[in-house]
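Chemist: Let me begin by handing over the structure; questions about it come next.
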Amino acid sequence: MYPLTNRDVFGLIRPAADAHTLGMLSFAQLLESCGISACLADDDVCREAERLGPPAGAGGPGTLASPGGAPRLAAWIRLRGVTALGFSYRMDPADGAALFASLRGFLRGEGLLAAQGGPIKALYFAGLPEACDLARERCPDLAGAFSGDESPAEILDALGIPRALLPSGLSAGIAYDEDRLKFGAEIVARGTYLDEMPPDRSGCPGYGLRGERLEARIAYGIARGLPPLIRAHAGPYLPDRKEAVKLFLDWTRRLARGGYLDVLSIGTSQLTQSAFGEDWAGRVNGGGVPLATAEEFAEVWKAARPMLVRSYAGSKDVPALARMYEHTIDIAWHALSFWWFSALDGRGPNSVLANLNEHFAAIRSIAASGKPLEPNVPHHFAFRGSDDLGYVVSGYMAAKAAKLQGIRTLVLQIMLNTPKRTWGIQDLAKARALLSLVRGLEDSRFKVYLQPRGGLDYFSPDPARAKAQLAAVTALMDDIEPRDPTSPQIIHVVGYSEAVRLADPPVIEESAKLTLFALRDYRRLRRHGGVPDMASSAEVAAREEKLCGEAQALISEAERLIPETYSPRGLYAMLKAGGFALPWLTYCRDEFPAANIATSFIDGGMAAVDSSSAPLPIEARIDALRANLAGAAGAGGSHA
């Protein structure tokens with residue numbers, strides 16, 4: 001291992017085709033926070049590096065398509081004084097390893113490696129786990145390989161960076177995350193969580209019967225000191241549709257017998273969501289269980305006794321599908337994505353405004369039924385590069401819109417670890433800020449339940465590590481409101497296998513056992529002073545206060561400037577005017593150019609930034625919103 005010092009310059013290269021640079025940016029910022037210079041190659045240099053792969057029939061890895069054919073790359077290394085070079089390739093493992101070997105061959109041929117008297121003392125590779133293994137095989141002198149699920153502490157250790165170089169803020173953030181991961185690893189190593197028994201809720205009035213309400217099951221558990229309700233997601237896909245439905249019904253019966261799940265979430269297929277009741281002949285279904293009729297949904301409810309049941313919303317004819325869920329599975333609560341599951345993310349045929357109109361119609365129907373609603377919103381913004389401010393503001397605006405349409409019970413889902421490199425202290429600040437703002441809407445006719453979950457791409461493909469991460473994120477969930485034993489009310493458990501394969505009943509039940517055990521054990525440690533009291537963390541409080549203040553300022557200005565802010569046209573106008581930063585938007589970019597606001601990973605969270613990568617002050621965001629709304633009004637309206 002080559003230990004990096006503050007005299008080194010770490011150069012970072014990626015394929016030009018890979019537009020998602022968050023991992024590289026967070027890596028660079030981690031280095032720079034330790035006083036080590038980091039520089040990201042520009043697109044021209046990246047394109048040259050990408051063209052270094054060996055041509056068909058060449059003499060193997062390291063043979064250049066055209067020797068000396070990367071003058072910009074060589075010049076960049078020399079001019080920047082690069083002493084350590086990292087190459088990131090997140091696509092095909094074989095291609096990535098071959099290209100890395102060719103890059104190494106080029107550097108050797110140009111005399112740029114230290115062994116030839118050049119400046120580069122260490123080479124690093126980042127890619128999928130298989131790509132990392134292949135890179136090590138092809139380049140035995142590789143200084144390090146990163147598969148993407150390393151913690152900041154593990155990255156620093158792999159680079160040989162002394163902890164003494166860490167600034168105090170970063171040190172505190174890393175320590176909290178490292179301690180939680182250690183807590184999880186110890187639980188997994190002991191294995192006693194496997195003996196965890198399911199909570200007994202059978203005394204709840206109407207338990208497992210049609211008409212049982214989510215609120216009643218939560219109240220029963222709180223009154224008896226039981227743990228949060230456990231929700232998990234399941235939905236197998238097979239090429240034969242009827243066999244897939246048969247398998248899912250079997251899974252449902254097994255999970256019902258096990259008793260660990262309170263809420264079964266049906267992971268329906270894309271066609272179930274977008275083309276329910278239509279002829280599916282010749283159409284691609286995608287993942288998820290392909291339930292095609294109301295009768296099949298009704299069979300799921302029967303098989304699920306005594307679990308509560310819920311399902312994905314539709315992406316077309318949303319109100320009609322919501323009503324069908326009421327009649328068939330007596331849906332425990334509905335979840336709607338407002339702007340999303342539409343043309344905005346390619347998940348449905350509706351335009352964004354049409355989608356909002358359909359969702360509002362569905363909300364009114366849900367309100368009439370008295371059922372709760374989950375705004376499945378903030379993490380969809382985060383998936384497209386939104387800053388943490390957009391995460392909080394979008395969640396609040398969806399919640400307030402739901403209340404104004406008559407919803408009386410709101411399930412507030414908070415997806416943690418999104419992006420996956422978010423520090424735990426920033427996750428707590430985001431969660432508390434959003435929860436505080438939404439709880440501010442509570443009154444005698446509006447109640448909020450907290451439902452945290454782990455991030456979609458947080459979990460490692462290594463099973464032992466993924467289990468440790470599941471326990472660690474359970475601890476994080478409990479630290480959102482650590483002095484409230486009734487919080488969270490619901491936990492959405494992500495199966496530990498999700499990074500490599502669909503979670504089946506054994507994985508789901510083991511994940512639920514691990515979550516229940518970790519929650520109880522973490523609370524025990526807190527009572528005895530064995531873990532930090534995050535309720536008194538000054539760092540988290542400062543971050544929460546900043547997020548809350550900025551969110552309130554942006555919301556207040558939106559409410560002042562946008563007529564009928566919490567209507568479909570109002571929420572559309574907020575997106576259209578750049579109220580949310582969406583730099584990674586793939587679809588509808590031409591429709592929402594003002595949303596193309598650059599963001600960057602800074603101090604453990606995502607922030608909107610200016611052209612010099614400095615954080616944008618909230619005043620600049622508000623000025624831009626005001627100008628864009630004024631421009632739209634001058635052009636004849638903001639809802640084109």
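Here's how to read the names in the structure tokens: chain A, B, ... by the order shown, residue numbers from 1 in each chain, ligand numbers from 1 in the order shown.
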Might you pull out every residue within 12 Å of A:Glu619, with only C-alpha atoms counted and same-chain residues fewer than 4 positions away left off, and present them as a list in words?

Modeler: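 The residues that qualify are Gly549, Glu550, Ala551, Ala553, Leu554, Glu557, Pro615, Asp623, Ala624, Leu625 and Arg626 of chain A.
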
Chemist: Keeping all heavy atoms, export the residues of the selection given above as a PDB file, in the first residue's frame.

Modeler:
```pdb
ATOM      1  N   GLY A 549     -34.533  25.914   8.176  1.00  0.00           N
ATOM      2  CA  GLY A 549     -34.631  27.330   7.852  1.00  0.00           C
ATOM      3  C   GLY A 549     -34.685  27.575   6.362  1.00  0.00           C
ATOM      4  O   GLY A 549     -35.507  28.376   5.878  1.00  0.00           O
ATOM      5  N   GLU A 550     -33.821  26.889   5.609  1.00  0.00           N
ATOM      6  CA  GLU A 550     -33.813  27.073   4.164  1.00  0.00           C
ATOM      7  C   GLU A 550     -35.094  26.538   3.528  1.00  0.00           C
ATOM      8  O   GLU A 550     -35.651  27.154   2.610  1.00  0.00           O
ATOM      9  CB  GLU A 550     -32.585  26.386   3.564  1.00  0.00           C
ATOM     10  CG  GLU A 550     -31.269  27.067   3.950  1.00  0.00           C
ATOM     11  CD  GLU A 550     -30.074  26.457   3.257  1.00  0.00           C
ATOM     12  OE1 GLU A 550     -30.221  25.372   2.652  1.00  0.00           O
ATOM     13  OE2 GLU A 550     -28.992  27.059   3.329  1.00  0.00           O
ATOM     14  N   ALA A 551     -35.572  25.407   4.027  1.00  0.00           N
ATOM     15  CA  ALA A 551     -36.806  24.832   3.486  1.00  0.00           C
ATOM     16  C   ALA A 551     -37.991  25.761   3.746  1.00  0.00           C
ATOM     17  O   ALA A 551     -38.824  26.002   2.855  1.00  0.00           O
ATOM     18  CB  ALA A 551     -37.060  23.461   4.094  1.00  0.00           C
ATOM     19  N   ALA A 553     -37.923  28.946   4.145  1.00  0.00           N
ATOM     20  CA  ALA A 553     -37.803  30.144   3.305  1.00  0.00           C
ATOM     21  C   ALA A 553     -38.258  29.860   1.875  1.00  0.00           C
ATOM     22  O   ALA A 553     -38.996  30.656   1.270  1.00  0.00           O
ATOM     23  CB  ALA A 553     -36.355  30.640   3.317  1.00  0.00           C
ATOM     24  N   LEU A 554     -37.838  28.725   1.324  1.00  0.00           N
ATOM     25  CA  LEU A 554     -38.215  28.385  -0.047  1.00  0.00           C
ATOM     26  C   LEU A 554     -39.709  28.092  -0.151  1.00  0.00           C
ATOM     27  O   LEU A 554     -40.380  28.517  -1.106  1.00  0.00           O
ATOM     28  CB  LEU A 554     -37.389  27.182  -0.522  1.00  0.00           C
ATOM     29  CG  LEU A 554     -37.544  26.772  -1.982  1.00  0.00           C
ATOM     30  CD1 LEU A 554     -37.192  27.917  -2.922  1.00  0.00           C
ATOM     31  CD2 LEU A 554     -36.674  25.551  -2.296  1.00  0.00           C
ATOM     32  N   GLU A 557     -41.762  31.333   0.035  1.00  0.00           N
ATOM     33  CA  GLU A 557     -41.718  32.104  -1.202  1.00  0.00           C
ATOM     34  C   GLU A 557     -42.546  31.428  -2.301  1.00  0.00           C
ATOM     35  O   GLU A 557     -43.236  32.101  -3.080  1.00  0.00           O
ATOM     36  CB  GLU A 557     -40.266  32.270  -1.659  1.00  0.00           C
ATOM     37  CG  GLU A 557     -40.048  33.333  -2.709  1.00  0.00           C
ATOM     38  CD  GLU A 557     -40.334  34.745  -2.208  1.00  0.00           C
ATOM     39  OE1 GLU A 557     -40.520  34.933  -0.990  1.00  0.00           O
ATOM     40  OE2 GLU A 557     -40.380  35.671  -3.043  1.00  0.00           O
ATOM     41  N   PRO A 615     -21.432  26.058  -2.629  1.00  0.00           N
ATOM     42  CA  PRO A 615     -22.867  25.912  -2.339  1.00  0.00           C
ATOM     43  C   PRO A 615     -23.655  27.175  -2.674  1.00  0.00           C
ATOM     44  O   PRO A 615     -23.211  28.287  -2.381  1.00  0.00           O
ATOM     45  CB  PRO A 615     -22.887  25.638  -0.823  1.00  0.00           C
ATOM     46  CG  PRO A 615     -21.543  25.075  -0.512  1.00  0.00           C
ATOM     47  CD  PRO A 615     -20.589  25.748  -1.450  1.00  0.00           C
ATOM     48  N   ASP A 623     -34.175  33.727  -5.535  1.00  0.00           N
ATOM     49  CA  ASP A 623     -34.120  34.700  -6.638  1.00  0.00           C
ATOM     50  C   ASP A 623     -34.370  34.011  -7.980  1.00  0.00           C
ATOM     51  O   ASP A 623     -35.087  34.542  -8.840  1.00  0.00           O
ATOM     52  CB  ASP A 623     -32.758  35.401  -6.662  1.00  0.00           C
ATOM     53  CG  ASP A 623     -32.603  36.418  -5.538  1.00  0.00           C
ATOM     54  OD1 ASP A 623     -33.620  36.776  -4.918  1.00  0.00           O
ATOM     55  OD2 ASP A 623     -31.458  36.835  -5.270  1.00  0.00           O
ATOM     56  N   ALA A 624     -33.770  32.839  -8.165  1.00  0.00           N
ATOM     57  CA  ALA A 624     -33.945  32.096  -9.417  1.00  0.00           C
ATOM     58  C   ALA A 624     -35.398  31.647  -9.577  1.00  0.00           C
ATOM     59  O   ALA A 624     -35.974  31.735 -10.677  1.00  0.00           O
ATOM     60  CB  ALA A 624     -33.006  30.900  -9.456  1.00  0.00           C
ATOM     61  N   LEU A 625     -36.002  31.171  -8.490  1.00  0.00           N
ATOM     62  CA  LEU A 625     -37.405  30.755  -8.538  1.00  0.00           C
ATOM     63  C   LEU A 625     -38.285  31.934  -8.931  1.00  0.00           C
ATOM     64  O   LEU A 625     -39.160  31.824  -9.801  1.00  0.00           O
ATOM     65  CB  LEU A 625     -37.824  30.200  -7.174  1.00  0.00           C
ATOM     66  CG  LEU A 625     -39.282  29.729  -7.057  1.00  0.00           C
ATOM     67  CD1 LEU A 625     -39.504  28.464  -7.868  1.00  0.00           C
ATOM     68  CD2 LEU A 625     -39.655  29.496  -5.596  1.00  0.00           C
ATOM     69  N   ARG A 626     -38.038  33.070  -8.305  1.00  0.00           N
ATOM     70  CA  ARG A 626     -38.830  34.264  -8.577  1.00  0.00           C
ATOM     71  C   ARG A 626     -38.682  34.692 -10.039  1.00  0.00           C
ATOM     72  O   ARG A 626     -39.668  34.993 -10.723  1.00  0.00           O
ATOM     73  CB  ARG A 626     -38.386  35.389  -7.637  1.00  0.00           C
ATOM     74  CG  ARG A 626     -39.237  36.649  -7.719  1.00  0.00           C
ATOM     75  CD  ARG A 626     -38.699  37.730  -6.789  1.00  0.00           C
ATOM     76  NE  ARG A 626     -38.698  37.307  -5.400  1.00  0.00           N
ATOM     77  CZ  ARG A 626     -37.607  37.197  -4.644  1.00  0.00           C
ATOM     78  NH1 ARG A 626     -36.417  37.464  -5.147  1.00  0.00           N
ATOM     79  NH2 ARG A 626     -37.695  36.828  -3.382  1.00  0.00           N
TER      80      ARG A 626
END
```

Chemist: Need the shell around A:Gln552: protein/DNA/RNA residues with any atom at most 12 Å away, counting only C-alpha atoms. Skip same-chain ones fewer than 2 positions apart. Format as a JSON list (two decimals) with all heavy atoms, in the first residue's frame?

Modeler:
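Saved result, out_13.json, follows:
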```
[["chain", "number", "residue", "atom", "x", "y", "z"],
["A", 389, "LEU", "N", -32.07, 19.92, 0.32],
["A", 389, "LEU", "CA", -33.15, 20.89, 0.43],
["A", 389, "LEU", "C", -34.35, 20.44, -0.39],
["A", 389, "LEU", "O", -35.50, 20.48, 0.08],
["A", 389, "LEU", "CB", -32.66, 22.26, -0.03],
["A", 389, "LEU", "CG", -33.71, 23.38, -0.07],
["A", 389, "LEU", "CD1", -34.24, 23.67, 1.33],
["A", 389, "LEU", "CD2", -33.13, 24.64, -0.70],
["A", 390, "GLY", "N", -34.11, 19.99, -1.63],
["A", 390, "GLY", "CA", -35.20, 19.51, -2.47],
["A", 390, "GLY", "C", -35.87, 18.29, -1.88],
["A", 390, "GLY", "O", -37.09, 18.11, -2.01],
["A", 392, "VAL", "N", -36.28, 17.63, 1.31],
["A", 392, "VAL", "CA", -37.15, 18.07, 2.39],
["A", 392, "VAL", "C", -38.37, 18.84, 1.85],
["A", 392, "VAL", "O", -39.51, 18.58, 2.25],
["A", 392, "VAL", "CB", -36.36, 18.94, 3.38],
["A", 392, "VAL", "CG1", -37.29, 19.57, 4.42],
["A", 392, "VAL", "CG2", -35.29, 18.11, 4.08],
["A", 393, "VAL", "N", -38.14, 19.76, 0.93],
["A", 393, "VAL", "CA", -39.23, 20.59, 0.43],
["A", 393, "VAL", "C", -40.25, 19.77, -0.34],
["A", 393, "VAL", "O", -41.47, 19.94, -0.18],
["A", 393, "VAL", "CB", -38.67, 21.74, -0.45],
["A", 393, "VAL", "CG1", -39.80, 22.47, -1.17],
["A", 393, "VAL", "CG2", -37.88, 22.71, 0.42],
["A", 394, "SER", "N", -39.78, 18.83, -1.19],
["A", 394, "SER", "CA", -40.72, 18.01, -1.96],
["A", 394, "SER", "C", -41.58, 17.15, -1.04],
["A", 394, "SER", "O", -42.79, 16.99, -1.26],
["A", 394, "SER", "CB", -39.98, 17.14, -2.97],
["A", 394, "SER", "OG", -39.16, 16.17, -2.32],
["A", 396, "TYR", "N", -42.42, 17.82, 2.08],
["A", 396, "TYR", "CA", -43.38, 18.67, 2.79],
["A", 396, "TYR", "C", -44.52, 19.09, 1.86],
["A", 396, "TYR", "O", -45.70, 19.05, 2.26],
["A", 396, "TYR", "CB", -42.67, 19.92, 3.33],
["A", 396, "TYR", "CG", -43.63, 20.93, 3.91],
["A", 396, "TYR", "CD1", -44.09, 20.80, 5.22],
["A", 396, "TYR", "CD2", -44.12, 21.98, 3.14],
["A", 396, "TYR", "CE1", -45.00, 21.71, 5.75],
["A", 396, "TYR", "CE2", -45.04, 22.89, 3.66],
["A", 396, "TYR", "CZ", -45.47, 22.75, 4.96],
["A", 396, "TYR", "OH", -46.38, 23.64, 5.48],
["A", 397, "MET", "N", -44.19, 19.49, 0.65],
["A", 397, "MET", "CA", -45.24, 19.98, -0.26],
["A", 397, "MET", "C", -46.23, 18.87, -0.61],
["A", 397, "MET", "O", -47.44, 19.12, -0.69],
["A", 397, "MET", "CB", -44.61, 20.58, -1.52],
["A", 397, "MET", "CG", -43.79, 21.83, -1.25],
["A", 397, "MET", "SD", -43.26, 22.70, -2.74],
["A", 397, "MET", "CE", -44.78, 23.57, -3.18],
["A", 433, "ALA", "N", -35.55, 17.23, 9.89],
["A", 433, "ALA", "CA", -36.08, 18.45, 9.28],
["A", 433, "ALA", "C", -37.40, 18.18, 8.58],
["A", 433, "ALA", "O", -38.39, 18.92, 8.76],
["A", 433, "ALA", "CB", -35.06, 19.02, 8.28],
["A", 434, "LEU", "N", -37.45, 17.12, 7.78],
["A", 434, "LEU", "CA", -38.70, 16.79, 7.08],
["A", 434, "LEU", "C", -39.79, 16.42, 8.08],
["A", 434, "LEU", "O", -40.94, 16.88, 7.96],
["A", 434, "LEU", "CB", -38.45, 15.65, 6.09],
["A", 434, "LEU", "CG", -39.67, 15.14, 5.33],
["A", 434, "LEU", "CD1", -40.38, 16.27, 4.59],
["A", 434, "LEU", "CD2", -39.26, 14.04, 4.35],
["A", 436, "SER", "N", -40.08, 17.30, 11.20],
["A", 436, "SER", "CA", -40.49, 18.48, 11.94],
["A", 436, "SER", "C", -41.46, 19.34, 11.13],
["A", 436, "SER", "O", -42.50, 19.78, 11.65],
["A", 436, "SER", "CB", -39.26, 19.31, 12.33],
["A", 436, "SER", "OG", -39.63, 20.54, 12.89],
["A", 437, "LEU", "N", -41.14, 19.55, 9.86],
["A", 437, "LEU", "CA", -42.01, 20.38, 9.03],
["A", 437, "LEU", "C", -43.38, 19.71, 8.82],
["A", 437, "LEU", "O", -44.42, 20.35, 8.89],
["A", 437, "LEU", "CB", -41.35, 20.65, 7.69],
["A", 437, "LEU", "CG", -40.13, 21.59, 7.73],
["A", 437, "LEU", "CD1", -39.47, 21.65, 6.36],
["A", 437, "LEU", "CD2", -40.53, 22.99, 8.18],
["A", 438, "VAL", "N", -43.37, 18.41, 8.54],
["A", 438, "VAL", "CA", -44.63, 17.71, 8.28],
["A", 438, "VAL", "C", -45.44, 17.57, 9.57],
["A", 438, "VAL", "O", -46.67, 17.71, 9.56],
["A", 438, "VAL", "CB", -44.36, 16.34, 7.63],
["A", 438, "VAL", "CG1", -45.64, 15.55, 7.48],
["A", 438, "VAL", "CG2", -43.72, 16.54, 6.26],
["A", 440, "GLY", "N", -45.55, 19.68, 11.77],
["A", 440, "GLY", "CA", -46.15, 21.00, 11.97],
["A", 440, "GLY", "C", -47.53, 21.12, 11.34],
["A", 440, "GLY", "O", -48.27, 22.06, 11.65],
["A", 544, "GLU", "N", -29.77, 20.26, 11.03],
["A", 544, "GLU", "CA", -31.23, 20.26, 10.95],
["A", 544, "GLU", "C", -31.76, 21.69, 10.92],
["A", 544, "GLU", "O", -32.66, 22.02, 10.13],
["A", 544, "GLU", "CB", -31.82, 19.53, 12.15],
["A", 544, "GLU", "CG", -33.34, 19.53, 12.18],
["A", 544, "GLU", "CD", -33.90, 19.01, 13.49],
["A", 544, "GLU", "OE1", -33.14, 18.55, 14.35],
["A", 544, "GLU", "OE2", -35.14, 19.10, 13.64],
["A", 545, "GLU", "N", -31.22, 22.54, 11.77],
["A", 545, "GLU", "CA", -31.68, 23.92, 11.83],
["A", 545, "GLU", "C", -31.46, 24.63, 10.49],
["A", 545, "GLU", "O", -32.33, 25.37, 10.01],
["A", 545, "GLU", "CB", -30.94, 24.67, 12.94],
["A", 545, "GLU", "CG", -31.41, 26.10, 13.12],
["A", 545, "GLU", "CD", -30.67, 26.82, 14.23],
["A", 545, "GLU", "OE1", -29.71, 26.26, 14.78],
["A", 545, "GLU", "OE2", -31.06, 27.96, 14.55],
["A", 546, "LYS", "N", -30.31, 24.38, 9.87],
["A", 546, "LYS", "CA", -30.02, 25.01, 8.58],
["A", 546, "LYS", "C", -30.99, 24.52, 7.51],
["A", 546, "LYS", "O", -31.56, 25.31, 6.74],
["A", 546, "LYS", "CB", -28.59, 24.70, 8.16],
["A", 546, "LYS", "CG", -28.15, 25.35, 6.85],
["A", 546, "LYS", "CD", -26.66, 25.07, 6.60],
["A", 546, "LYS", "CE", -26.17, 25.81, 5.35],
["A", 546, "LYS", "NZ", -26.76, 25.28, 4.11],
["A", 547, "LEU", "N", -31.21, 23.20, 7.45],
["A", 547, "LEU", "CA", -32.13, 22.64, 6.46],
["A", 547, "LEU", "C", -33.55, 23.15, 6.68],
["A", 547, "LEU", "O", -34.26, 23.52, 5.73],
["A", 547, "LEU", "CB", -32.11, 21.12, 6.53],
["A", 547, "LEU", "CG", -31.22, 20.37, 5.56],
["A", 547, "LEU", "CD1", -31.27, 18.87, 5.84],
["A", 547, "LEU", "CD2", -31.60, 20.65, 4.11],
["A", 548, "CYS", "N", -33.99, 23.17, 7.93],
["A", 548, "CYS", "CA", -35.35, 23.64, 8.23],
["A", 548, "CYS", "C", -35.53, 25.10, 7.83],
["A", 548, "CYS", "O", -36.53, 25.47, 7.21],
["A", 548, "CYS", "CB", -35.63, 23.48, 9.72],
["A", 548, "CYS", "SG", -36.48, 21.96, 10.16],
["A", 549, "GLY", "N", -34.53, 25.91, 8.18],
["A", 549, "GLY", "CA", -34.63, 27.33, 7.85],
["A", 549, "GLY", "C", -34.69, 27.57, 6.36],
["A", 549, "GLY", "O", -35.51, 28.38, 5.88],
["A", 550, "GLU", "N", -33.82, 26.89, 5.61],
["A", 550, "GLU", "CA", -33.81, 27.07, 4.16],
["A", 550, "GLU", "C", -35.09, 26.54, 3.53],
["A", 550, "GLU", "O", -35.65, 27.15, 2.61],
["A", 550, "GLU", "CB", -32.58, 26.39, 3.56],
["A", 550, "GLU", "CG", -31.27, 27.07, 3.95],
["A", 550, "GLU", "CD", -30.07, 26.46, 3.26],
["A", 550, "GLU", "OE1", -30.22, 25.37, 2.65],
["A", 550, "GLU", "OE2", -28.99, 27.06, 3.33],
["A", 554, "LEU", "N", -37.84, 28.72, 1.32],
["A", 554, "LEU", "CA", -38.21, 28.38, -0.05],
["A", 554, "LEU", "C", -39.71, 28.09, -0.15],
["A", 554, "LEU", "O", -40.38, 28.52, -1.11],
["A", 554, "LEU", "CB", -37.39, 27.18, -0.52],
["A", 554, "LEU", "CG", -37.54, 26.77, -1.98],
["A", 554, "LEU", "CD1", -37.19, 27.92, -2.92],
["A", 554, "LEU", "CD2", -36.67, 25.55, -2.30],
["A", 555, "ILE", "N", -40.24, 27.38, 0.82],
["A", 555, "ILE", "CA", -41.68, 27.06, 0.82],
["A", 555, "ILE", "C", -42.51, 28.34, 0.92],
["A", 555, "ILE", "O", -43.50, 28.52, 0.19],
["A", 555, "ILE", "CB", -42.01, 26.09, 1.97],
["A", 555, "ILE", "CG1", -41.41, 24.71, 1.69],
["A", 555, "ILE", "CG2", -43.52, 25.97, 2.16],
["A", 555, "ILE", "CD1", -41.33, 23.81, 2.92],
["A", 556, "SER", "N", -42.12, 29.22, 1.82],
["A", 556, "SER", "CA", -42.88, 30.47, 2.00],
["A", 556, "SER", "C", -42.91, 31.28, 0.72],
["A", 556, "SER", "O", -43.94, 31.84, 0.34],
["A", 556, "SER", "CB", -42.27, 31.30, 3.13],
["A", 556, "SER", "OG", -42.40, 30.64, 4.36],
["A", 557, "GLU", "N", -41.76, 31.33, 0.03],
["A", 557, "GLU", "CA", -41.72, 32.10, -1.20],
["A", 557, "GLU", "C", -42.55, 31.43, -2.30],
["A", 557, "GLU", "O", -43.24, 32.10, -3.08],
["A", 557, "GLU", "CB", -40.27, 32.27, -1.66],
["A", 557, "GLU", "CG", -40.05, 33.33, -2.71],
["A", 557, "GLU", "CD", -40.33, 34.74, -2.21],
["A", 557, "GLU", "OE1", -40.52, 34.93, -0.99],
["A", 557, "GLU", "OE2", -40.38, 35.67, -3.04],
["A", 558, "ALA", "N", -42.50, 30.10, -2.35],
["A", 558, "ALA", "CA", -43.32, 29.38, -3.33],
["A", 558, "ALA", "C", -44.80, 29.64, -3.07],
["A", 558, "ALA", "O", -45.59, 29.88, -4.00],
["A", 558, "ALA", "CB", -43.02, 27.89, -3.28],
["A", 559, "GLU", "N", -45.20, 29.59, -1.80],
["A", 559, "GLU", "CA", -46.60, 29.82, -1.46],
["A", 559, "GLU", "C", -47.03, 31.26, -1.79],
["A", 559, "GLU", "O", -48.19, 31.51, -2.15],
["A", 559, "GLU", "CB", -46.82, 29.54, 0.02],
["A", 559, "GLU", "CG", -46.71, 28.06, 0.37],
["A", 559, "GLU", "CD", -46.86, 27.78, 1.84],
["A", 559, "GLU", "OE1", -46.73, 28.72, 2.66],
["A", 559, "GLU", "OE2", -47.10, 26.60, 2.19],
["A", 618, "ILE", "N", -29.38, 30.12, -0.10],
["A", 618, "ILE", "CA", -30.82, 30.00, -0.29],
["A", 618, "ILE", "C", -31.38, 31.24, -0.98],
["A", 618, "ILE", "O", -32.34, 31.16, -1.75],
["A", 618, "ILE", "CB", -31.52, 29.76, 1.07],
["A", 618, "ILE", "CG1", -33.01, 29.49, 0.85],
["A", 618, "ILE", "CG2", -31.31, 30.91, 2.01],
["A", 618, "ILE", "CD1", -33.33, 28.28, -0.01],
["A", 622, "ILE", "N", -33.97, 31.29, -4.20],
["A", 622, "ILE", "CA", -35.25, 32.01, -4.19],
["A", 622, "ILE", "C", -35.29, 33.04, -5.31],
["A", 622, "ILE", "O", -36.32, 33.20, -6.00],
["A", 622, "ILE", "CB", -35.47, 32.67, -2.81],
["A", 622, "ILE", "CG1", -35.76, 31.58, -1.77],
["A", 622, "ILE", "CG2", -36.61, 33.68, -2.86],
["A", 622, "ILE", "CD1", -35.82, 32.09, -0.34]]
```

Chemist: Excluding A:Leu416 and any residue of its chain fewer than 4 positions from it, enumerate the residues within 10 Å of it, using only C-alpha atoms, and give them as a list in words.

Modeler: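 Contacts, in chain order: His379, Lys420, Thr422, Trp423, Gly424, Gln426, Asp427, Leu428, Lys430, Ala431, Pro452, Arg453, Gly454, Gly455, Leu456, Tyr458, Val473, Leu476 and Met477 of chain A.
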
Chemist: I'd like the contact shell of A:Pro198 - 9 Å cut-off, only C-alpha atoms, skipping same-chain residues fewer than 5 positions apart - returned as a ChimeraX atom specification.

Modeler: /A:258-261,512-513,516

Chemist: Quick one: everything within 6 Å of A:Val609, counting only C-alpha atoms, minus sequence neighbours fewer than 5 positions away in the same chain. Send it as a list in words.

Modeler: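 Neighbouring residues, sequence-local ones excluded: Ala598, Thr599, Ala614, Pro615 and Leu616 of chain A.
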
Chemist: Leaving out stretch 568-574 of chain A and any residue of its chain fewer than 5 positions from it, which residues lie within 9 Å of it when counting only C-alpha atoms, given as a VMD selection string?

Modeler: chain A and resid 338 to 339 352 to 360 397 to 398 401 558 562 to 563 579 to 580 625 629 638 to 639
